[in-house]
file target_7.pdb (PDB, C-alpha atoms, pLDDT in the B column)
MODEL        1
ATOM      1  CA  MET A1333      -1.071  99.473  46.680  1.00 85.00           C
ATOM      2  CA  ASP A1334      -0.787  96.090  44.971  1.00 91.00           C
ATOM      3  CA  ILE A1335       2.720  96.841  43.755  1.00 95.00           C
ATOM      4  CA  ILE A1336       3.869  97.594  47.317  1.00 95.00           C
ATOM      5  CA  ILE A1337       2.526  94.248  48.518  1.00 94.00           C
ATOM      6  CA  ILE A1338       4.291  92.423  45.679  1.00 94.00           C
ATOM      7  CA  ILE A1339       7.573  94.236  46.381  1.00 95.00           C
ATOM      8  CA  VAL A1340       7.399  93.362  50.103  1.00 94.00           C
ATOM      9  CA  TRP A1341       6.398  89.749  49.342  1.00 95.00           C
ATOM     10  CA  LEU A1342       9.179  89.115  46.829  1.00 95.00           C
ATOM     11  CA  GLY A1343      11.724  91.261  48.653  1.00 96.00           C
ATOM     12  CA  THR A1344      11.346  89.409  51.934  1.00 96.00           C
ATOM     13  CA  SER A1345      11.404  86.059  50.107  1.00 95.00           C
ATOM     14  CA  ILE A1346      14.723  86.970  48.467  1.00 96.00           C
ATOM     15  CA  LEU A1347      16.154  88.252  51.747  1.00 96.00           C
ATOM     16  CA  VAL A1348      15.130  85.016  53.481  1.00 95.00           C
ATOM     17  CA  ALA A1349      16.969  83.014  50.815  1.00 93.00           C
ATOM     18  CA  PHE A1350      20.169  85.052  51.198  1.00 94.00           C
ATOM     19  CA  ASP A1351      19.985  84.914  54.989  1.00 95.00           C
ATOM     20  CA  ALA A1352      19.307  81.167  55.014  1.00 92.00           C
ATOM     21  CA  LYS A1353      22.350  80.580  52.836  1.00 90.00           C
ATOM     22  CA  LYS A1354      24.594  82.889  54.865  1.00 92.00           C
ATOM     23  CA  ASN A1355      23.564  81.433  58.237  1.00 90.00           C
ATOM     24  CA  GLN A1356      22.985  77.823  57.044  1.00 88.00           C
ATOM     25  CA  ILE A1357      19.343  77.763  58.230  1.00 89.00           C
ATOM     26  CA  THR A1358      17.647  74.551  57.115  1.00 86.00           C
ATOM     27  CA  SER A1359      13.955  73.938  56.628  1.00 81.00           C
ATOM     28  CA  SER A1360      14.317  70.525  58.302  1.00 78.00           C
ATOM     29  CA  ASP A1361      16.556  68.864  60.870  1.00 79.00           C
ATOM     30  CA  LYS A1362      18.826  67.427  58.159  1.00 80.00           C
ATOM     31  CA  PRO A1363      22.273  68.917  57.418  1.00 80.00           C
ATOM     32  CA  TYR A1364      22.266  72.080  55.307  1.00 79.00           C
ATOM     33  CA  SER A1365      22.095  71.836  51.533  1.00 75.00           C
ATOM     34  CA  THR A1366      20.638  74.166  48.930  1.00 68.00           C
ATOM     35  CA  ASN A1367      17.603  71.907  48.575  1.00 74.00           C
ATOM     36  CA  ASN A1368      16.587  72.162  52.215  1.00 79.00           C
ATOM     37  CA  GLY A1369      18.092  75.585  52.858  1.00 84.00           C
ATOM     38  CA  ALA A1370      17.981  78.750  50.788  1.00 89.00           C
ATOM     39  CA  LEU A1371      16.048  77.332  47.850  1.00 91.00           C
ATOM     40  CA  ALA A1372      13.460  75.659  50.058  1.00 91.00           C
ATOM     41  CA  TRP A1373      12.933  78.789  52.137  1.00 93.00           C
ATOM     42  CA  PHE A1374      12.608  80.957  49.032  1.00 94.00           C
ATOM     43  CA  PHE A1375       9.929  78.767  47.457  1.00 94.00           C
ATOM     44  CA  LEU A1376       8.105  78.336  50.759  1.00 93.00           C
ATOM     45  CA  CYS A1377       7.975  82.098  51.212  1.00 94.00           C
ATOM     46  CA  VAL A1378       6.828  82.691  47.643  1.00 95.00           C
ATOM     47  CA  VAL A1379       4.038  80.104  47.883  1.00 95.00           C
ATOM     48  CA  VAL A1380       2.831  80.471  51.488  1.00 95.00           C
ATOM     49  CA  TRP A1381       4.462  83.662  52.748  1.00 93.00           C
ATOM     50  CA  ILE A1382       1.979  84.261  55.549  1.00 94.00           C
ATOM     51  CA  ILE A1383       3.033  80.970  57.198  1.00 95.00           C
ATOM     52  CA  ALA A1384       6.621  80.475  56.005  1.00 94.00           C
ATOM     53  CA  PHE A1385       8.029  83.930  56.798  1.00 95.00           C
ATOM     54  CA  PRO A1386       7.112  83.930  60.517  1.00 95.00           C
ATOM     55  CA  TYR A1387       8.203  80.282  60.769  1.00 94.00           C
ATOM     56  CA  TYR A1388      11.562  81.166  59.225  1.00 94.00           C
ATOM     57  CA  LEU A1389      12.078  83.943  61.757  1.00 95.00           C
ATOM     58  CA  LEU A1390      11.302  81.572  64.635  1.00 95.00           C
ATOM     59  CA  ARG A1391      13.515  78.806  63.252  1.00 93.00           C
ATOM     60  CA  ARG A1392      16.359  81.244  62.607  1.00 94.00           C
ATOM     61  CA  ARG A1393      16.174  82.570  66.160  1.00 95.00           C
ATOM     62  CA  LYS A1394      16.212  79.047  67.585  1.00 93.00           C
ATOM     63  CA  ILE A1395      19.186  77.909  65.479  1.00 91.00           C
ATOM     64  CA  MET A1396      21.192  81.076  66.110  1.00 92.00           C
ATOM     65  CA  ARG A1397      20.553  80.784  69.848  1.00 94.00           C
ATOM     66  CA  LEU A1398      21.738  77.156  69.860  1.00 91.00           C
ATOM     67  CA  ARG A1399      24.919  78.107  68.007  1.00 87.00           C
ATOM     68  CA  ASN A1400      25.740  80.863  70.491  1.00 88.00           C
ATOM     69  CA  GLU A1401      25.461  78.609  73.549  1.00 76.00           C
TER      70      GLU A1401
ENDMDL
END

call {"tool": "encode", "arguments": {"input": "target_7.pdb", "output": "structure tokens"}}
result
Amino acid sequence: MDIIIIIVWLGTSILVAFDAKKNQITSSDKPYSTNNGALAWFFLCVVVWIIAFPYYLLRRRKIMRLRNE
């Protein structure tokens, strides 16, 4: 069971990093860069996944909605 949790934890963290880079999702209101984008999201998800992953999904939805308007 532990291995499944680790796979989900690391897998979603890696997917967040790739998605943040592809869609230019920042972790702050500053312009996108690797330091406040993919790399920041990856480390946030690895360290505090339970908070960072849902926050990423909310932030991504907000940014994507603003871009489509």

call {"tool": "atom_distance", "arguments": {"input": "target_7.pdb", "atom1": "atom CA of A:Val1378", "atom2": "atom CA of A:Ser1365"}}
result
19.1 Å

call {"tool": "closest_residue", "arguments": {"input": "target_7.pdb", "among": "A:Ile1338, A:Gly1343, A:Arg1391, A:Val1380", "to": "A:Ser1360", "atoms": "only C-alpha atoms"}}
result
A:Arg1391

call {"tool": "resolve_selection", "arguments": {"input": "target_7.pdb", "expression": "the PyMOL selection byres ((chain A and resi 1350) around 12)", "output": "PyMOL selection string"}}
result
chain A and resi 1343-1349+1351-1357+1366+1369-1374

call {"tool": "axis_aligned_box", "arguments": {"input": "target_7.pdb", "around": "stretch 1354-1364 of chain A", "padding_each_side": "5 Å", "output": "lines of an AutoDock Vina configuration file"}}
result
center_x = 19.3
center_y = 75.2
center_z = 57.9
size_x = 20.6
size_y = 25.5
size_z = 16.0

call {"tool": "atom_distance", "arguments": {"input": "target_7.pdb", "atom1": "atom CA of A:Val1340", "atom2": "atom CA of A:Asn1368"}}
result
23.2 Å

call {"tool": "atom_distance", "arguments": {"input": "target_7.pdb", "atom1": "atom CA of A:Trp1341", "atom2": "atom CA of A:Arg1397"}}
result
26.5 Å

call {"tool": "residues_around", "arguments": {"input": "target_7.pdb", "residues": "A:Tyr1387", "least_positions_apart": "5", "cutoff": "10 Å", "atoms": "only C-alpha atoms", "output": "PDB file with C-alpha atoms, in the coordinates of the input"}}
result
ATOM      1  CA  SER A1359      13.955  73.938  56.628  1.00 81.00           C
ATOM      2  CA  TRP A1373      12.933  78.789  52.137  1.00 93.00           C
ATOM      3  CA  CYS A1377       7.975  82.098  51.212  1.00 94.00           C
ATOM      4  CA  TRP A1381       4.462  83.662  52.748  1.00 93.00           C
ATOM      5  CA  ILE A1382       1.979  84.261  55.549  1.00 94.00           C
ATOM      6  CA  ARG A1392      16.359  81.244  62.607  1.00 94.00           C
ATOM      7  CA  ARG A1393      16.174  82.570  66.160  1.00 95.00           C
TER       8      ARG A1393
END

call {"tool": "closest_residue", "arguments": {"input": "target_7.pdb", "among": "A:Pro1363, A:Leu1342, A:Lys1394, A:Ile1336", "to": "A:Val1379", "atoms": "all atoms listed in the file"}}
result
A:Leu1342

call {"tool": "build_atoms", "arguments": {"input": "target_7.pdb", "residues": "stretch 1347-1362 of chain A", "atoms": "N, CA and C atoms", "output": "PDB file, in the coordinates of the input"}}
result
ATOM      1  N   LEU A1347      15.314  88.052  50.567  1.00 96.00           N
ATOM      2  CA  LEU A1347      16.154  88.252  51.747  1.00 96.00           C
ATOM      3  C   LEU A1347      16.229  86.998  52.613  1.00 96.00           C
ATOM      4  N   VAL A1348      15.140  86.277  52.731  1.00 95.00           N
ATOM      5  CA  VAL A1348      15.130  85.016  53.481  1.00 95.00           C
ATOM      6  C   VAL A1348      16.092  84.027  52.834  1.00 95.00           C
ATOM      7  N   ALA A1349      16.072  83.944  51.514  1.00 93.00           N
ATOM      8  CA  ALA A1349      16.969  83.014  50.815  1.00 93.00           C
ATOM      9  C   ALA A1349      18.433  83.363  51.065  1.00 93.00           C
ATOM     10  N   PHE A1350      18.785  84.641  50.954  1.00 94.00           N
ATOM     11  CA  PHE A1350      20.169  85.052  51.198  1.00 94.00           C
ATOM     12  C   PHE A1350      20.577  84.805  52.645  1.00 94.00           C
ATOM     13  N   ASP A1351      19.683  85.110  53.574  1.00 95.00           N
ATOM     14  CA  ASP A1351      19.985  84.914  54.989  1.00 95.00           C
ATOM     15  C   ASP A1351      20.105  83.434  55.333  1.00 95.00           C
ATOM     16  N   ALA A1352      19.244  82.611  54.760  1.00 92.00           N
ATOM     17  CA  ALA A1352      19.307  81.167  55.014  1.00 92.00           C
ATOM     18  C   ALA A1352      20.622  80.593  54.508  1.00 92.00           C
ATOM     19  N   LYS A1353      21.073  81.068  53.373  1.00 90.00           N
ATOM     20  CA  LYS A1353      22.350  80.580  52.836  1.00 90.00           C
ATOM     21  C   LYS A1353      23.517  81.055  53.698  1.00 90.00           C
ATOM     22  N   LYS A1354      23.510  82.316  54.069  1.00 92.00           N
ATOM     23  CA  LYS A1354      24.594  82.889  54.865  1.00 92.00           C
ATOM     24  C   LYS A1354      24.704  82.210  56.233  1.00 92.00           C
ATOM     25  N   ASN A1355      23.568  81.981  56.885  1.00 90.00           N
ATOM     26  CA  ASN A1355      23.564  81.433  58.237  1.00 90.00           C
ATOM     27  C   ASN A1355      23.306  79.933  58.292  1.00 90.00           C
ATOM     28  N   GLN A1356      23.197  79.281  57.119  1.00 88.00           N
ATOM     29  CA  GLN A1356      22.985  77.823  57.044  1.00 88.00           C
ATOM     30  C   GLN A1356      21.740  77.398  57.823  1.00 88.00           C
ATOM     31  N   ILE A1357      20.607  78.074  57.572  1.00 89.00           N
ATOM     32  CA  ILE A1357      19.343  77.763  58.230  1.00 89.00           C
ATOM     33  C   ILE A1357      18.603  76.763  57.355  1.00 89.00           C
ATOM     34  N   THR A1358      18.337  75.579  57.887  1.00 86.00           N
ATOM     35  CA  THR A1358      17.647  74.551  57.115  1.00 86.00           C
ATOM     36  C   THR A1358      16.147  74.609  57.362  1.00 86.00           C
ATOM     37  N   SER A1359      15.402  74.028  56.451  1.00 81.00           N
ATOM     38  CA  SER A1359      13.955  73.938  56.628  1.00 81.00           C
ATOM     39  C   SER A1359      13.572  72.635  57.323  1.00 81.00           C
ATOM     40  N   SER A1360      14.558  71.787  57.594  1.00 78.00           N
ATOM     41  CA  SER A1360      14.317  70.525  58.302  1.00 78.00           C
ATOM     42  C   SER A1360      15.479  70.297  59.264  1.00 78.00           C
ATOM     43  N   ASP A1361      15.479  69.171  59.922  1.00 79.00           N
ATOM     44  CA  ASP A1361      16.556  68.864  60.870  1.00 79.00           C
ATOM     45  C   ASP A1361      17.752  68.190  60.204  1.00 79.00           C
ATOM     46  N   LYS A1362      17.712  68.032  58.899  1.00 80.00           N
ATOM     47  CA  LYS A1362      18.826  67.427  58.159  1.00 80.00           C
ATOM     48  C   LYS A1362      19.955  68.447  57.996  1.00 80.00           C
TER      49      LYS A1362
END
